[in-house]
Amino acid sequence: MSIEENYNIGFIAALALREKQIQQNYRPIIAVHKWFARRPGTLFRGLLLSEFAKGPIESTYFKPHSFVGVTIADPFMGGGTPLLEANRIGCNVIGADINPMAAWVVHEEIDALDLTAYAETAARLAEHLAQVLGDFYKTRCPVTGRDDADVKYFMWVKTGTCVACGQGFDLFPGYTLAEDARHPTYVLICPGCGDLNEVADPKNPGKCACGVTLRTEGTVKRNKCACPFCGHINATPFHGAGPPTHRLFAIEYHNPELKKRPGRLFKKPDADDLARVAAASAAWKRMRPSYVPDDTIPDGDESSRLHRWGYERFSELFSDRQLLALETSAQFISGVKDRRVRRALATNLSDLLRYQNMLCRYDAMALNPLIFFPFMGFRSAICS
């Protein structure tokens, strides 16, 4: 009857709420890789201590414990939060899951890691990527003229082709790039020339310098889009056969010379930016990839949505520049001699892919990417 007597719902609920609130700043070890519906670690620690520790959870929660001889088994472990908490308080743990990615993730969460060796190798990886790919992630600051400003995000819009006139057009659901929550003003994309305009009132945005009236509403509504050239109403998937096509329409970048300037730095891509896109594509076509996931996308509750948009292979979810960076990173990681460090880097690379793909959406309020399609992971021979 220990758990019935020692557990306190209110106490644990308060801790769990706090844990979820601070995860944007403090990333627990269970955040080493994306997984479905992870529950707070405080919840499972509270259950375990209520059962095996002596006394109310309020008095035992913050004390050290070592439950030698106690074994916790989870036959459907998923992301492994219960096993991780059991391991932390000194229990032996046994876990299993039908999904091999679950076994991989939980093993990486619990297995010991030489943090110094990991940090040194990660620094070498970052240096290698900067040398090989760094120029592809630079841009010219239109404010100061600095030509080596660091790109934070590339913004792409899907494009379509009118079945009536054959002209290509952008598929903007809305023209708001940034709101005034974390930026001083709204930033609206001109429907005509594509310039970025800062406006104070999105309901009365005025006109772009090109003379086109600015607006927040996009051209795509309820899977329909009127061609801006002939007016024909096109229906999804807009682009015909194959995966969607894209156009780079904006860049968010960082310039340390402007760190005192409020808000973010946005720009419309210039000729040099477009040349870098072309150069990255050419470099990717010259590469002989060994690690990029080119498997066909299987049918499933979520993945079938991709099929409806023309995606057939996993590699089609990425731009050429992303594929180049993925392959370059994987090749370096595969050469790491320390197996434990190699596995840790591969796990982190796999997790980063949820934000490094052409399915992410840029949040106009939070000003960061949001996961549109939560595919779970990428593993290859680099992990063996």
# chains A, B, ... in the order shown; residues from 1 in each chain; ligands from 1
>>> residues_around(residues="stretch 57-71 of chain A", least_positions_apart="3", cutoff="8 Å", atoms="only C-alpha atoms", output="VMD selection string")
chain A and resid 6 to 8 11 45 to 46 49 to 50 52 to 54 89 to 94
>>> closest_residue(among="A:Asn368, A:Ser303, A:Gln356, A:Ser281", to="A:Arg321", atoms="only C-alpha atoms")
A:Ser281
>>> atom_distance(atom1="atom CA of A:Ala271", atom2="atom CA of A:Ser315")
26.9 Å
>>> select_by_dssp(residues="stretch 152-272 of chain A", states="helix (DSSP H, G or I)", output="MDAnalysis selection string")
chainID A and resid 256:258 271:272
>>> write_last_selection(atoms="all heavy atoms", output="tab-separated table (two decimals), in the first residue's frame")
chain	number	residue	atom	x	y	z
A	256	PRO	N	26.52	40.63	-36.02
A	256	PRO	CA	26.91	41.12	-34.69
A	256	PRO	C	27.07	42.63	-34.63
A	256	PRO	O	27.01	43.21	-33.54
A	256	PRO	CB	28.24	40.40	-34.43
A	256	PRO	CG	28.74	39.99	-35.78
A	256	PRO	CD	27.53	39.72	-36.60
A	257	GLU	N	27.27	43.27	-35.76
A	257	GLU	CA	27.39	44.73	-35.78
A	257	GLU	C	26.07	45.41	-35.45
A	257	GLU	O	26.04	46.59	-35.11
A	257	GLU	CB	27.89	45.19	-37.15
A	257	GLU	CG	29.27	44.67	-37.52
A	257	GLU	CD	29.65	45.02	-38.94
A	257	GLU	OE1	28.87	45.75	-39.61
A	257	GLU	OE2	30.72	44.57	-39.40
A	258	LEU	N	24.97	44.67	-35.57
A	258	LEU	CA	23.64	45.23	-35.33
A	258	LEU	C	22.97	44.62	-34.11
A	258	LEU	O	21.75	44.59	-34.02
A	258	LEU	CB	22.76	45.01	-36.57
A	258	LEU	CG	23.25	45.66	-37.87
A	258	LEU	CD1	22.35	45.25	-39.03
A	258	LEU	CD2	23.30	47.17	-37.74
A	271	ALA	N	21.09	38.39	-55.54
A	271	ALA	CA	21.70	37.55	-56.57
A	271	ALA	C	22.75	36.61	-55.98
A	271	ALA	O	22.89	35.45	-56.40
A	271	ALA	CB	22.31	38.42	-57.66
A	272	ASP	N	23.53	37.11	-55.00
A	272	ASP	CA	24.54	36.26	-54.37
A	272	ASP	C	23.91	35.11	-53.61
A	272	ASP	O	24.43	33.98	-53.60
A	272	ASP	CB	25.42	37.09	-53.43
A	272	ASP	CG	26.36	38.03	-54.19
A	272	ASP	OD1	26.61	37.77	-55.38
A	272	ASP	OD2	26.82	39.02	-53.59
>>> closest_residue(among="A:Ala235, A:Ala280, A:Met77, A:Ala13", to="A:Asn99", atoms="only C-alpha atoms")
A:Met77
>>> residues_around(residues="A:Ile333", least_positions_apart="3", cutoff="6 Å", atoms="only C-alpha atoms", output="short mmCIF file (atom, residue, chain, number, x, y, z; two decimals) with C-alpha atoms, in the first residue's frame")
data_model
loop_
_atom_site.label_atom_id
_atom_site.label_comp_id
_atom_site.auth_asym_id
_atom_site.auth_seq_id
_atom_site.Cartn_x
_atom_site.Cartn_y
_atom_site.Cartn_z
CA ALA A 330 27.27 11.78 -41.69
CA VAL A 336 34.78 8.92 -35.45
CA ARG A 342 29.89 8.25 -32.77
#
>>> residues_around(residues="stretch 309-313 of chain A", least_positions_apart="4", cutoff="8 Å", atoms="only C-alpha atoms", output="CSV table (one decimal) with all heavy atoms, in the first residue's frame")
chain,number,residue,atom,x,y,z
A,236,THR,N,-5.2,21.4,-55.5
A,236,THR,CA,-4.0,20.6,-55.0
A,236,THR,C,-3.8,19.4,-55.9
A,236,THR,O,-4.8,18.8,-56.4
A,236,THR,CB,-4.1,20.2,-53.6
A,236,THR,OG1,-5.4,19.4,-53.4
A,236,THR,CG2,-4.1,21.3,-52.6
A,237,PRO,N,-2.6,18.9,-56.1
A,237,PRO,CA,-1.4,19.4,-55.5
A,237,PRO,C,-0.7,20.5,-56.2
A,237,PRO,O,0.5,20.8,-55.9
A,237,PRO,CB,-0.5,18.1,-55.5
A,237,PRO,CG,-0.9,17.4,-56.8
A,237,PRO,CD,-2.4,17.7,-56.9
A,241,ALA,N,2.9,16.1,-61.2
A,241,ALA,CA,3.5,14.9,-60.6
A,241,ALA,C,4.8,15.2,-59.9
A,241,ALA,O,5.4,16.2,-60.2
A,241,ALA,CB,3.7,13.9,-61.8
A,242,GLY,N,5.2,14.3,-59.0
A,242,GLY,CA,6.4,14.5,-58.3
A,242,GLY,C,6.3,15.3,-57.1
A,242,GLY,O,5.2,15.8,-56.8
A,243,PRO,N,7.4,15.5,-56.3
A,243,PRO,CA,7.3,16.3,-55.1
A,243,PRO,C,7.2,17.8,-55.4
A,243,PRO,O,7.4,18.2,-56.5
A,243,PRO,CB,8.7,16.0,-54.4
A,243,PRO,CG,9.6,15.7,-55.6
A,243,PRO,CD,8.7,14.9,-56.6
A,244,PRO,N,6.7,18.6,-54.4
A,244,PRO,CA,6.5,20.0,-54.6
A,244,PRO,C,7.8,20.7,-55.0
A,244,PRO,O,8.9,20.3,-54.6
A,244,PRO,CB,6.0,20.5,-53.3
A,244,PRO,CG,5.4,19.3,-52.6
A,244,PRO,CD,6.3,18.1,-53.1
A,294,ASP,N,17.4,7.4,-48.8
A,294,ASP,CA,16.7,7.5,-50.1
A,294,ASP,C,15.7,6.4,-50.2
A,294,ASP,O,15.2,6.1,-51.3
A,294,ASP,CB,17.7,7.3,-51.3
A,294,ASP,CG,17.2,7.8,-52.6
A,294,ASP,OD1,16.4,8.8,-52.6
A,294,ASP,OD2,17.4,7.2,-53.6
A,295,ASP,N,15.3,5.8,-49.1
A,295,ASP,CA,14.2,4.8,-49.1
A,295,ASP,C,12.9,5.4,-49.5
A,295,ASP,O,12.7,6.6,-49.4
A,295,ASP,CB,14.1,4.2,-47.7
A,295,ASP,CG,15.4,3.6,-47.2
A,295,ASP,OD1,16.4,4.4,-47.1
A,295,ASP,OD2,15.5,2.4,-46.8
A,296,THR,N,12.0,4.5,-50.0
A,296,THR,CA,10.7,5.0,-50.3
A,296,THR,C,9.9,5.2,-49.0
A,296,THR,O,10.1,4.5,-48.0
A,296,THR,CB,9.9,3.9,-51.2
A,296,THR,OG1,9.9,2.7,-50.5
A,296,THR,CG2,10.6,3.8,-52.5
A,297,ILE,N,9.0,6.1,-49.0
A,297,ILE,CA,8.2,6.5,-47.8
A,297,ILE,C,7.1,5.5,-47.7
A,297,ILE,O,6.2,5.4,-48.6
A,297,ILE,CB,7.7,7.9,-47.9
A,297,ILE,CG1,8.8,8.9,-48.0
A,297,ILE,CG2,6.8,8.2,-46.7
A,297,ILE,CD1,8.4,10.3,-48.3
A,305,ARG,N,0.0,11.2,-46.0
A,305,ARG,CA,-0.3,12.6,-46.4
A,305,ARG,C,0.8,13.1,-47.3
A,305,ARG,O,0.6,13.9,-48.2
A,305,ARG,CB,-0.3,13.4,-45.1
A,305,ARG,CG,-1.4,13.1,-44.1
A,305,ARG,CD,-1.1,13.7,-42.8
A,305,ARG,NE,-0.9,15.1,-42.8
A,305,ARG,CZ,-0.4,15.8,-41.7
A,305,ARG,NH1,0.0,15.1,-40.7
A,305,ARG,NH2,-0.2,17.1,-41.8
A,317,LEU,N,12.3,15.1,-49.1
A,317,LEU,CA,11.9,16.0,-48.0
A,317,LEU,C,12.9,17.1,-47.7
A,317,LEU,O,12.6,17.9,-46.9
A,317,LEU,CB,11.6,15.2,-46.7
A,317,LEU,CG,10.6,14.0,-46.8
A,317,LEU,CD1,10.5,13.3,-45.5
A,317,LEU,CD2,9.3,14.5,-47.3
>>> residues_around(residues="A:Pro82", least_positions_apart="3", cutoff="9 Å", atoms="only C-alpha atoms", output="PDB file with N, CA and C atoms, in the first residue's frame")
ATOM      1  N   ARG A  39       5.895  11.879 -21.310  1.00  0.00           N
ATOM      2  CA  ARG A  39       5.329  12.405 -20.078  1.00  0.00           C
ATOM      3  C   ARG A  39       6.451  12.971 -19.203  1.00  0.00           C
ATOM      4  N   GLY A  41       9.191  13.566 -16.469  1.00  0.00           N
ATOM      5  CA  GLY A  41       9.964  12.648 -15.643  1.00  0.00           C
ATOM      6  C   GLY A  41       9.576  12.704 -14.183  1.00  0.00           C
ATOM      7  N   LEU A  43       6.711  12.848 -12.947  1.00  0.00           N
ATOM      8  CA  LEU A  43       5.574  11.966 -12.701  1.00  0.00           C
ATOM      9  C   LEU A  43       6.047  10.554 -12.362  1.00  0.00           C
ATOM     10  N   PHE A  44       6.949  10.018 -13.171  1.00  0.00           N
ATOM     11  CA  PHE A  44       7.404   8.646 -12.946  1.00  0.00           C
ATOM     12  C   PHE A  44       8.313   8.548 -11.724  1.00  0.00           C
ATOM     13  N   ARG A  45       9.110   9.572 -11.496  1.00  0.00           N
ATOM     14  CA  ARG A  45       9.946   9.549 -10.288  1.00  0.00           C
ATOM     15  C   ARG A  45       9.055   9.545  -9.045  1.00  0.00           C
ATOM     16  N   LEU A  48       7.633   6.017  -8.565  1.00  0.00           N
ATOM     17  CA  LEU A  48       8.644   5.066  -8.108  1.00  0.00           C
ATOM     18  C   LEU A  48       9.002   5.284  -6.640  1.00  0.00           C
ATOM     19  N   ILE A  72      13.201  -2.494 -12.556  1.00  0.00           N
ATOM     20  CA  ILE A  72      12.006  -1.940 -13.191  1.00  0.00           C
ATOM     21  C   ILE A  72      12.001  -2.370 -14.651  1.00  0.00           C
ATOM     22  N   ASP A  74       9.916  -2.328 -18.413  1.00  0.00           N
ATOM     23  CA  ASP A  74       8.910  -1.646 -19.226  1.00  0.00           C
ATOM     24  C   ASP A  74       8.889  -2.314 -20.595  1.00  0.00           C
ATOM     25  N   MET A  77       8.454   0.522 -23.860  1.00  0.00           N
ATOM     26  CA  MET A  77       9.159   1.647 -23.248  1.00  0.00           C
ATOM     27  C   MET A  77       9.096   2.934 -24.057  1.00  0.00           C
ATOM     28  N   GLY A  79       9.841   6.226 -25.545  1.00  0.00           N
ATOM     29  CA  GLY A  79      10.960   7.138 -25.323  1.00  0.00           C
ATOM     30  C   GLY A  79      11.731   6.899 -24.052  1.00  0.00           C
ATOM     31  N   GLU A  85      14.123   7.525 -15.267  1.00  0.00           N
ATOM     32  CA  GLU A  85      13.936   7.946 -13.871  1.00  0.00           C
ATOM     33  C   GLU A  85      14.281   6.820 -12.908  1.00  0.00           C
ATOM     34  N   ALA A  86      13.933   5.595 -13.260  1.00  0.00           N
ATOM     35  CA  ALA A  86      14.285   4.459 -12.408  1.00  0.00           C
ATOM     36  C   ALA A  86      15.802   4.301 -12.328  1.00  0.00           C
ATOM     37  N   ASN A  87      16.472   4.487 -13.430  1.00  0.00           N
ATOM     38  CA  ASN A  87      17.928   4.407 -13.451  1.00  0.00           C
ATOM     39  C   ASN A  87      18.557   5.493 -12.596  1.00  0.00           C
TER      40      ASN A  87
END
>>> residues_around(residues="A:Ile98", least_positions_apart="4", cutoff="9 Å", atoms="only C-alpha atoms", output="MDAnalysis selection string")
chainID A and resid 76 78 102:103
>>> residues_around(residues="A:Cys360", least_positions_apart="6", cutoff="12 Å", atoms="only C-alpha atoms", output="PyMOL selection string")
chain A and resi 153-158+317-319+352-354+368-375
>>> select_by_dssp(residues="stretch 186-255 of chain A", states="strand (DSSP E)", output="count of residues only")
26
>>> closest_atom_pairs(of="stretch 93-112 of chain A", to="stretch 17-31 of chain A", cutoff="9 Å", atoms="only C-alpha atoms", output="tab-separated table")
residue	atom	partner	partner_atom	distance
A:Val105	CA	A:Ile30	CA	8.7
A:Val106	CA	A:Ile30	CA	8.3
A:Glu109	CA	A:Ile29	CA	6.2
A:Ile110	CA	A:Ile29	CA	8.7
>>> write_last_selection(atoms="C-alpha atoms", output="compact mmCIF listing (two decimals), in the first residue's frame")
# COMPACT_ATOMS: atom_id res chain seq x y z
CA VAL A 105 17.01 6.33 -28.20
CA VAL A 106 16.66 4.81 -24.73
CA GLU A 109 19.75 8.27 -22.94
CA ILE A 110 21.05 5.85 -20.32
>>> atom_distance(atom1="atom CA of A:Gly211", atom2="atom CA of A:Ala250")
19.9 Å
>>> closest_residue(among="A:His107, A:Lys221, A:His254, A:Arg182", to="A:Asp148", atoms="only C-alpha atoms")
A:His254
>>> atom_distance(atom1="atom CA of A:Met365", atom2="atom CA of A:Ala181")
5.8 Å
>>> closest_residue(among="A:Pro75, A:Val187, A:Val292, A:Leu324", to="A:Ser350", atoms="only C-alpha atoms")
A:Val292
>>> closest_atom_pairs(of="stretch 181-289 of chain A", to="stretch 160-175 of chain A", cutoff="6 Å", atoms="only C-alpha atoms", output="JSON lines")
{"residue": "A:Leu188", "atom": "CA", "partner": "A:Tyr175", "partner_atom": "CA", "distance": 5.5}
{"residue": "A:Ile189", "atom": "CA", "partner": "A:Tyr175", "partner_atom": "CA", "distance": 5.1}
{"residue": "A:Thr216", "atom": "CA", "partner": "A:Tyr175", "partner_atom": "CA", "distance": 4.8}
{"residue": "A:Glu217", "atom": "CA", "partner": "A:Gly174", "partner_atom": "CA", "distance": 4.7}
{"residue": "A:Gly218", "atom": "CA", "partner": "A:Gly174", "partner_atom": "CA", "distance": 3.8}
{"residue": "A:Thr219", "atom": "CA", "partner": "A:Phe172", "partner_atom": "CA", "distance": 5.8}
{"residue": "A:Val220", "atom": "CA", "partner": "A:Pro173", "partner_atom": "CA", "distance": 4.8}
{"residue": "A:Phe238", "atom": "CA", "partner": "A:Gly160", "partner_atom": "CA", "distance": 4.8}
{"residue": "A:His239", "atom": "CA", "partner": "A:Gly160", "partner_atom": "CA", "distance": 4.4}
>>> closest_residue(among="A:Ile9, A:Cys141, A:Ala282, A:Val199", to="A:Phe266", atoms="only C-alpha atoms")
A:Cys141
